[in-house]
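**Student:** File target_24.cif follows (mmCIF, N, CA and C atoms):
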```cif
data_protein
#
loop_
_atom_site.label_atom_id
_atom_site.label_comp_id
_atom_site.auth_asym_id
_atom_site.auth_seq_id
_atom_site.Cartn_x
_atom_site.Cartn_y
_atom_site.Cartn_z
N MET A 1 73.25 42.71 184.19
CA MET A 1 72.56 43.89 183.69
C MET A 1 71.09 43.81 184.15
N HIS A 2 70.55 44.93 184.52
CA HIS A 2 69.16 44.97 184.98
C HIS A 2 68.23 44.57 183.84
N ALA A 3 67.17 43.86 184.17
CA ALA A 3 66.21 43.36 183.18
C ALA A 3 65.62 44.49 182.33
N VAL A 4 65.47 45.67 182.92
CA VAL A 4 64.92 46.81 182.18
C VAL A 4 65.86 47.21 181.05
N LEU A 5 67.16 47.21 181.32
CA LEU A 5 68.12 47.55 180.27
C LEU A 5 68.15 46.48 179.19
N GLU A 6 67.96 45.23 179.59
CA GLU A 6 67.86 44.14 178.61
C GLU A 6 66.63 44.33 177.72
N LEU A 7 65.53 44.76 178.33
CA LEU A 7 64.31 45.01 177.56
C LEU A 7 64.51 46.15 176.56
N ALA A 8 65.19 47.20 176.99
CA ALA A 8 65.49 48.32 176.08
C ALA A 8 66.32 47.82 174.90
N LYS A 9 67.29 46.98 175.20
CA LYS A 9 68.13 46.41 174.14
C LYS A 9 67.28 45.57 173.19
N HIS A 10 66.37 44.77 173.75
CA HIS A 10 65.47 43.95 172.93
C HIS A 10 64.65 44.81 171.96
N TYR A 11 64.18 45.98 172.44
CA TYR A 11 63.40 46.88 171.60
C TYR A 11 64.27 47.72 170.65
N GLY A 12 65.58 47.66 170.83
CA GLY A 12 66.47 48.46 169.99
C GLY A 12 66.51 49.91 170.40
N VAL A 13 66.21 50.19 171.67
CA VAL A 13 66.19 51.56 172.18
C VAL A 13 67.53 51.85 172.86
N GLU A 14 68.21 52.89 172.40
CA GLU A 14 69.46 53.31 173.00
C GLU A 14 69.19 54.07 174.29
N ILE A 15 70.12 54.01 175.22
CA ILE A 15 70.03 54.77 176.47
C ILE A 15 71.18 55.77 176.48
N GLU A 16 70.82 57.03 176.72
CA GLU A 16 71.82 58.10 176.83
C GLU A 16 71.62 58.82 178.15
N TYR A 17 72.67 59.44 178.62
CA TYR A 17 72.62 60.27 179.82
C TYR A 17 72.96 61.68 179.38
N ALA A 18 72.06 62.62 179.69
CA ALA A 18 72.21 63.98 179.18
C ALA A 18 71.66 64.99 180.18
N ASP A 19 72.11 66.21 180.06
CA ASP A 19 71.56 67.32 180.82
C ASP A 19 70.29 67.75 180.09
N LEU A 20 69.14 67.51 180.70
CA LEU A 20 67.87 67.82 180.04
C LEU A 20 67.34 69.20 180.42
N GLY A 21 68.17 70.01 181.03
CA GLY A 21 67.81 71.39 181.28
C GLY A 21 67.08 71.62 182.59
N GLU A 22 66.80 72.88 182.86
CA GLU A 22 66.13 73.32 184.08
C GLU A 22 64.63 73.31 183.86
N TRP A 23 63.90 72.75 184.79
CA TRP A 23 62.45 72.64 184.68
C TRP A 23 61.73 73.30 185.84
N GLY A 24 62.40 74.20 186.55
CA GLY A 24 61.77 74.93 187.65
C GLY A 24 61.35 73.98 188.76
N MET A 25 60.11 74.09 189.18
CA MET A 25 59.59 73.26 190.27
C MET A 25 59.41 71.80 189.84
N ASP A 26 59.27 71.58 188.55
CA ASP A 26 59.11 70.22 188.04
C ASP A 26 60.48 69.58 187.86
N GLU A 27 60.49 68.27 187.80
CA GLU A 27 61.73 67.54 187.60
C GLU A 27 61.56 66.63 186.39
N LEU A 28 62.30 66.89 185.34
CA LEU A 28 62.28 66.01 184.18
C LEU A 28 63.32 64.94 184.40
N ARG A 29 62.86 63.72 184.63
CA ARG A 29 63.75 62.61 184.94
C ARG A 29 64.33 61.98 183.69
N SER A 30 63.52 61.92 182.65
CA SER A 30 63.95 61.26 181.42
C SER A 30 63.01 61.66 180.30
N GLU A 31 63.41 61.32 179.08
CA GLU A 31 62.55 61.59 177.93
C GLU A 31 62.75 60.50 176.89
N TYR A 32 61.69 60.27 176.13
CA TYR A 32 61.72 59.30 175.04
C TYR A 32 61.70 60.05 173.72
N ASP A 33 62.60 59.68 172.83
CA ASP A 33 62.64 60.25 171.49
C ASP A 33 62.49 59.11 170.49
N PRO A 34 61.36 59.07 169.77
CA PRO A 34 61.16 57.97 168.83
C PRO A 34 62.16 57.98 167.68
N GLU A 35 62.79 59.14 167.43
CA GLU A 35 63.82 59.21 166.40
C GLU A 35 65.08 58.60 166.99
N GLY A 36 65.41 57.46 166.56
CA GLY A 36 66.55 56.74 167.13
C GLY A 36 66.24 55.26 167.19
N PRO A 37 65.35 54.81 168.04
CA PRO A 37 64.78 55.49 169.21
C PRO A 37 65.80 55.57 170.34
N VAL A 38 65.59 56.56 171.21
CA VAL A 38 66.52 56.77 172.32
C VAL A 38 65.76 57.24 173.55
N ILE A 39 66.23 56.80 174.70
CA ILE A 39 65.77 57.30 175.98
C ILE A 39 66.93 58.07 176.58
N ARG A 40 66.64 59.31 176.98
CA ARG A 40 67.66 60.13 177.64
C ARG A 40 67.30 60.24 179.12
N VAL A 41 68.25 59.89 179.97
CA VAL A 41 68.08 59.99 181.42
C VAL A 41 68.80 61.26 181.86
N ASN A 42 68.14 62.04 182.69
CA ASN A 42 68.63 63.36 183.08
C ASN A 42 69.78 63.27 184.09
N ASN A 43 70.97 63.69 183.64
CA ASN A 43 72.15 63.73 184.53
C ASN A 43 71.95 64.66 185.71
N ARG A 44 71.17 65.72 185.55
CA ARG A 44 70.94 66.66 186.66
C ARG A 44 70.31 65.97 187.85
N VAL A 45 69.42 65.04 187.59
CA VAL A 45 68.78 64.30 188.68
C VAL A 45 69.78 63.33 189.29
N ILE A 46 70.48 62.60 188.45
CA ILE A 46 71.45 61.60 188.93
C ILE A 46 72.49 62.26 189.84
N GLU A 47 72.96 63.44 189.46
CA GLU A 47 73.99 64.12 190.24
C GLU A 47 73.55 64.45 191.67
N ASN A 48 72.25 64.53 191.90
CA ASN A 48 71.74 64.89 193.23
C ASN A 48 71.24 63.69 194.03
N LEU A 49 71.45 62.49 193.53
CA LEU A 49 70.98 61.29 194.22
C LEU A 49 72.11 60.66 195.04
N PRO A 50 71.75 60.02 196.15
CA PRO A 50 72.75 59.19 196.83
C PRO A 50 73.17 58.05 195.90
N VAL A 51 74.41 57.66 195.95
CA VAL A 51 74.94 56.63 195.06
C VAL A 51 74.08 55.37 195.12
N ALA A 52 73.60 55.01 196.29
CA ALA A 52 72.80 53.79 196.46
C ALA A 52 71.48 53.84 195.71
N ASN A 53 71.01 55.02 195.34
CA ASN A 53 69.71 55.17 194.66
C ASN A 53 69.82 55.31 193.15
N ILE A 54 71.01 55.45 192.63
CA ILE A 54 71.18 55.74 191.21
C ILE A 54 70.68 54.60 190.32
N GLY A 55 71.04 53.37 190.62
CA GLY A 55 70.64 52.24 189.80
C GLY A 55 69.13 52.10 189.73
N GLY A 56 68.47 52.22 190.87
CA GLY A 56 67.01 52.13 190.90
C GLY A 56 66.35 53.25 190.13
N PHE A 57 66.92 54.46 190.26
CA PHE A 57 66.39 55.60 189.52
C PHE A 57 66.48 55.37 188.02
N ILE A 58 67.64 54.92 187.56
CA ILE A 58 67.83 54.69 186.12
C ILE A 58 66.87 53.61 185.63
N ALA A 59 66.76 52.52 186.37
CA ALA A 59 65.87 51.43 185.96
C ALA A 59 64.43 51.92 185.84
N PHE A 60 63.97 52.70 186.84
CA PHE A 60 62.59 53.19 186.80
C PHE A 60 62.40 54.16 185.63
N ALA A 61 63.34 55.08 185.45
CA ALA A 61 63.23 56.07 184.36
C ALA A 61 63.19 55.39 183.00
N VAL A 62 64.05 54.41 182.79
CA VAL A 62 64.09 53.70 181.51
C VAL A 62 62.80 52.91 181.32
N ALA A 63 62.33 52.23 182.36
CA ALA A 63 61.09 51.47 182.27
C ALA A 63 59.91 52.38 181.92
N HIS A 64 59.86 53.54 182.56
CA HIS A 64 58.79 54.51 182.28
C HIS A 64 58.80 54.89 180.79
N GLU A 65 59.97 55.20 180.28
CA GLU A 65 60.07 55.62 178.87
C GLU A 65 59.84 54.46 177.91
N LEU A 66 60.15 53.25 178.34
CA LEU A 66 59.85 52.09 177.49
C LEU A 66 58.35 51.95 177.27
N TYR A 67 57.56 52.33 178.26
CA TYR A 67 56.11 52.32 178.07
C TYR A 67 55.75 53.25 176.91
N HIS A 68 56.36 54.45 176.89
CA HIS A 68 56.07 55.39 175.80
C HIS A 68 56.55 54.84 174.45
N HIS A 69 57.65 54.09 174.47
CA HIS A 69 58.10 53.45 173.23
C HIS A 69 57.05 52.43 172.77
N ARG A 70 56.51 51.67 173.70
CA ARG A 70 55.49 50.69 173.37
C ARG A 70 54.24 51.39 172.82
N GLU A 71 53.90 52.56 173.35
CA GLU A 71 52.79 53.35 172.78
C GLU A 71 53.10 53.71 171.33
N HIS A 72 54.32 54.22 171.13
CA HIS A 72 54.73 54.66 169.80
C HIS A 72 54.67 53.51 168.78
N CYS A 73 55.04 52.31 169.22
CA CYS A 73 55.04 51.14 168.33
C CYS A 73 53.65 50.54 168.15
N GLY A 74 52.67 51.02 168.92
CA GLY A 74 51.33 50.48 168.82
C GLY A 74 51.13 49.21 169.64
N GLU A 75 52.09 48.89 170.48
CA GLU A 75 52.00 47.69 171.32
C GLU A 75 50.96 47.86 172.43
N VAL A 76 50.80 49.09 172.89
CA VAL A 76 49.76 49.42 173.86
C VAL A 76 49.01 50.65 173.33
N ALA A 77 47.75 50.75 173.69
CA ALA A 77 46.94 51.89 173.26
C ALA A 77 47.44 53.17 173.93
N ARG A 78 47.39 54.27 173.20
CA ARG A 78 47.81 55.56 173.74
C ARG A 78 46.59 56.29 174.28
N PHE A 79 46.60 56.54 175.60
CA PHE A 79 45.51 57.29 176.20
C PHE A 79 45.50 58.71 175.65
N PRO A 80 44.32 59.28 175.40
CA PRO A 80 44.27 60.66 174.89
C PRO A 80 44.70 61.68 175.94
N ASP A 81 44.56 61.34 177.21
CA ASP A 81 44.89 62.26 178.30
C ASP A 81 46.34 62.07 178.75
N ARG A 82 47.11 63.16 178.78
CA ARG A 82 48.52 63.10 179.16
C ARG A 82 48.72 62.52 180.55
N VAL A 83 47.90 62.94 181.51
CA VAL A 83 48.03 62.45 182.88
C VAL A 83 47.82 60.94 182.93
N ALA A 84 46.84 60.46 182.19
CA ALA A 84 46.58 59.02 182.14
C ALA A 84 47.77 58.28 181.53
N ARG A 85 48.38 58.86 180.48
CA ARG A 85 49.55 58.24 179.86
C ARG A 85 50.70 58.15 180.85
N GLU A 86 50.94 59.23 181.58
CA GLU A 86 52.05 59.25 182.54
C GLU A 86 51.79 58.29 183.70
N ASN A 87 50.55 58.21 184.15
CA ASN A 87 50.20 57.27 185.22
C ASN A 87 50.39 55.82 184.75
N ALA A 88 50.00 55.55 183.51
CA ALA A 88 50.19 54.20 182.96
C ALA A 88 51.67 53.86 182.83
N ALA A 89 52.47 54.83 182.41
CA ALA A 89 53.91 54.61 182.28
C ALA A 89 54.54 54.35 183.65
N ASP A 90 54.11 55.09 184.66
CA ASP A 90 54.61 54.86 186.02
C ASP A 90 54.21 53.47 186.53
N ALA A 91 52.97 53.08 186.28
CA ALA A 91 52.51 51.76 186.73
C ALA A 91 53.31 50.65 186.05
N PHE A 92 53.56 50.81 184.75
CA PHE A 92 54.37 49.85 184.01
C PHE A 92 55.78 49.77 184.59
N ALA A 93 56.36 50.92 184.88
CA ALA A 93 57.71 50.97 185.44
C ALA A 93 57.76 50.31 186.82
N ARG A 94 56.79 50.61 187.67
CA ARG A 94 56.76 49.99 189.00
C ARG A 94 56.70 48.47 188.89
N LYS A 95 55.92 47.98 187.95
CA LYS A 95 55.77 46.54 187.76
C LYS A 95 57.10 45.92 187.29
N LEU A 96 57.79 46.59 186.38
CA LEU A 96 59.04 46.06 185.85
C LEU A 96 60.16 46.06 186.88
N VAL A 97 60.23 47.07 187.72
CA VAL A 97 61.37 47.16 188.64
C VAL A 97 61.11 46.48 189.97
N SER A 98 59.90 46.01 190.21
CA SER A 98 59.63 45.37 191.50
C SER A 98 60.10 43.93 191.53
#
```
Could you rewrite the structure in this file as structure tokens?

**Tutor:**
Amino acid sequence: MHAVLELAKHYGVEIEYADLGEWGMDELRSEYDPEGPVIRVNNRVIENLPVANIGGFIAFAVAHELYHHREHCGEVARFPDRVARENAADAFARKLVS
């Protein structure tokens, strides 16, 4: 099992795969819901990926949302700016999956 999924299990975060709807020009890859807690990975994105890229996509998406879980738990400070939060989540995900 990928280390990212093990980390999600450690935090008690469930992983679900769901259709997260149409987002126009934007692409919603995943979302974090503190009620649960649960990370939902967007099936719409997975369906359009080459099979060889699916595992990496899921690992990155889950890692990104785990950063938001860590914010929610107070493990890391929450930036007031949304763009800064998303950039920090991406940086955390890149570090975990590399």

**Student:** Carefully work through the PyMOL selection byres ((chain A and resi 12-15) around 6) for this structure and note down the residues it includes, as a PyMOL selection string.

**Tutor:** chain A and resi 8-11+16-17+37-40

**Student:** Can you list, as a list in words, every protein, DNA or RNA residue that comes within 8 Å of stretch 61-68 of chain A when you count only C-alpha atoms, leaving out same-chain residues fewer than 3 positions away?

**Tutor:**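 Answer for this query is Val4, Leu5, Ala8, Ile15, Arg29, Ser30, Glu31, Tyr32, Ile39, Val41, Phe57, Ile58, Glu71, His72, Ala88, Ala89, Asp90, Phe92, Ala93, Leu96 and Val97 of chain A.
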
**Student:** Counting all atoms listed in the file, which of A:Arg85, A:Glu47, A:His69, A:Asp19 gets nearest to A:Asp33?

**Tutor:**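 Once distances to A:Asp33 are computed over all atoms listed in the file, the minimum belongs to A:His69.
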
**Student:** Would you work out the distance separating atom C of A:Val45 from atom CA of A:Asp26, expressed in Å to one decimal?

**Tutor:**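 Straight-line distance from atom C of A:Val45 to atom CA of A:Asp26 works out to 12.8 Å.
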
**Student:** Where in chain A does DSSP assign strand (DSSP E), given as a PyMOL selection string?

**Tutor:** chain A and resi 14-18+30-33+38-42

**Student:** Keeping only N, CA and C atoms, write those residues as a compact mmCIF listing (two decimals), keeping the file's coordinate frame.

**Tutor:**
```
# COMPACT_ATOMS: atom_id res chain seq x y z
N GLU A 14 68.21 52.89 172.40
CA GLU A 14 69.46 53.31 173.00
C GLU A 14 69.19 54.07 174.29
N ILE A 15 70.12 54.01 175.22
CA ILE A 15 70.03 54.77 176.47
C ILE A 15 71.18 55.77 176.48
N GLU A 16 70.82 57.03 176.72
CA GLU A 16 71.82 58.10 176.83
C GLU A 16 71.62 58.82 178.15
N TYR A 17 72.67 59.44 178.62
CA TYR A 17 72.62 60.27 179.82
C TYR A 17 72.96 61.68 179.38
N ALA A 18 72.06 62.62 179.69
CA ALA A 18 72.21 63.98 179.18
C ALA A 18 71.66 64.99 180.18
N SER A 30 63.52 61.92 182.65
CA SER A 30 63.95 61.26 181.42
C SER A 30 63.01 61.66 180.30
N GLU A 31 63.41 61.32 179.08
CA GLU A 31 62.55 61.59 177.93
C GLU A 31 62.75 60.50 176.89
N TYR A 32 61.69 60.27 176.13
CA TYR A 32 61.72 59.30 175.04
C TYR A 32 61.70 60.05 173.72
N ASP A 33 62.60 59.68 172.83
CA ASP A 33 62.64 60.25 171.49
C ASP A 33 62.49 59.11 170.49
N VAL A 38 65.59 56.56 171.21
CA VAL A 38 66.52 56.77 172.32
C VAL A 38 65.76 57.24 173.55
N ILE A 39 66.23 56.80 174.70
CA ILE A 39 65.77 57.30 175.98
C ILE A 39 66.93 58.07 176.58
N ARG A 40 66.64 59.31 176.98
CA ARG A 40 67.66 60.13 177.64
C ARG A 40 67.30 60.24 179.12
N VAL A 41 68.25 59.89 179.97
CA VAL A 41 68.08 59.99 181.42
C VAL A 41 68.80 61.26 181.86
N ASN A 42 68.14 62.04 182.69
CA ASN A 42 68.63 63.36 183.08
C ASN A 42 69.78 63.27 184.09
```

**Student:** One number please: atom CA of A:Val51 to atom CA of A:Ser98, in Å, one decimal.

**Tutor:**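 Result for atom CA of A:Val51 versus atom CA of A:Ser98: 19.3 Å, one decimal.
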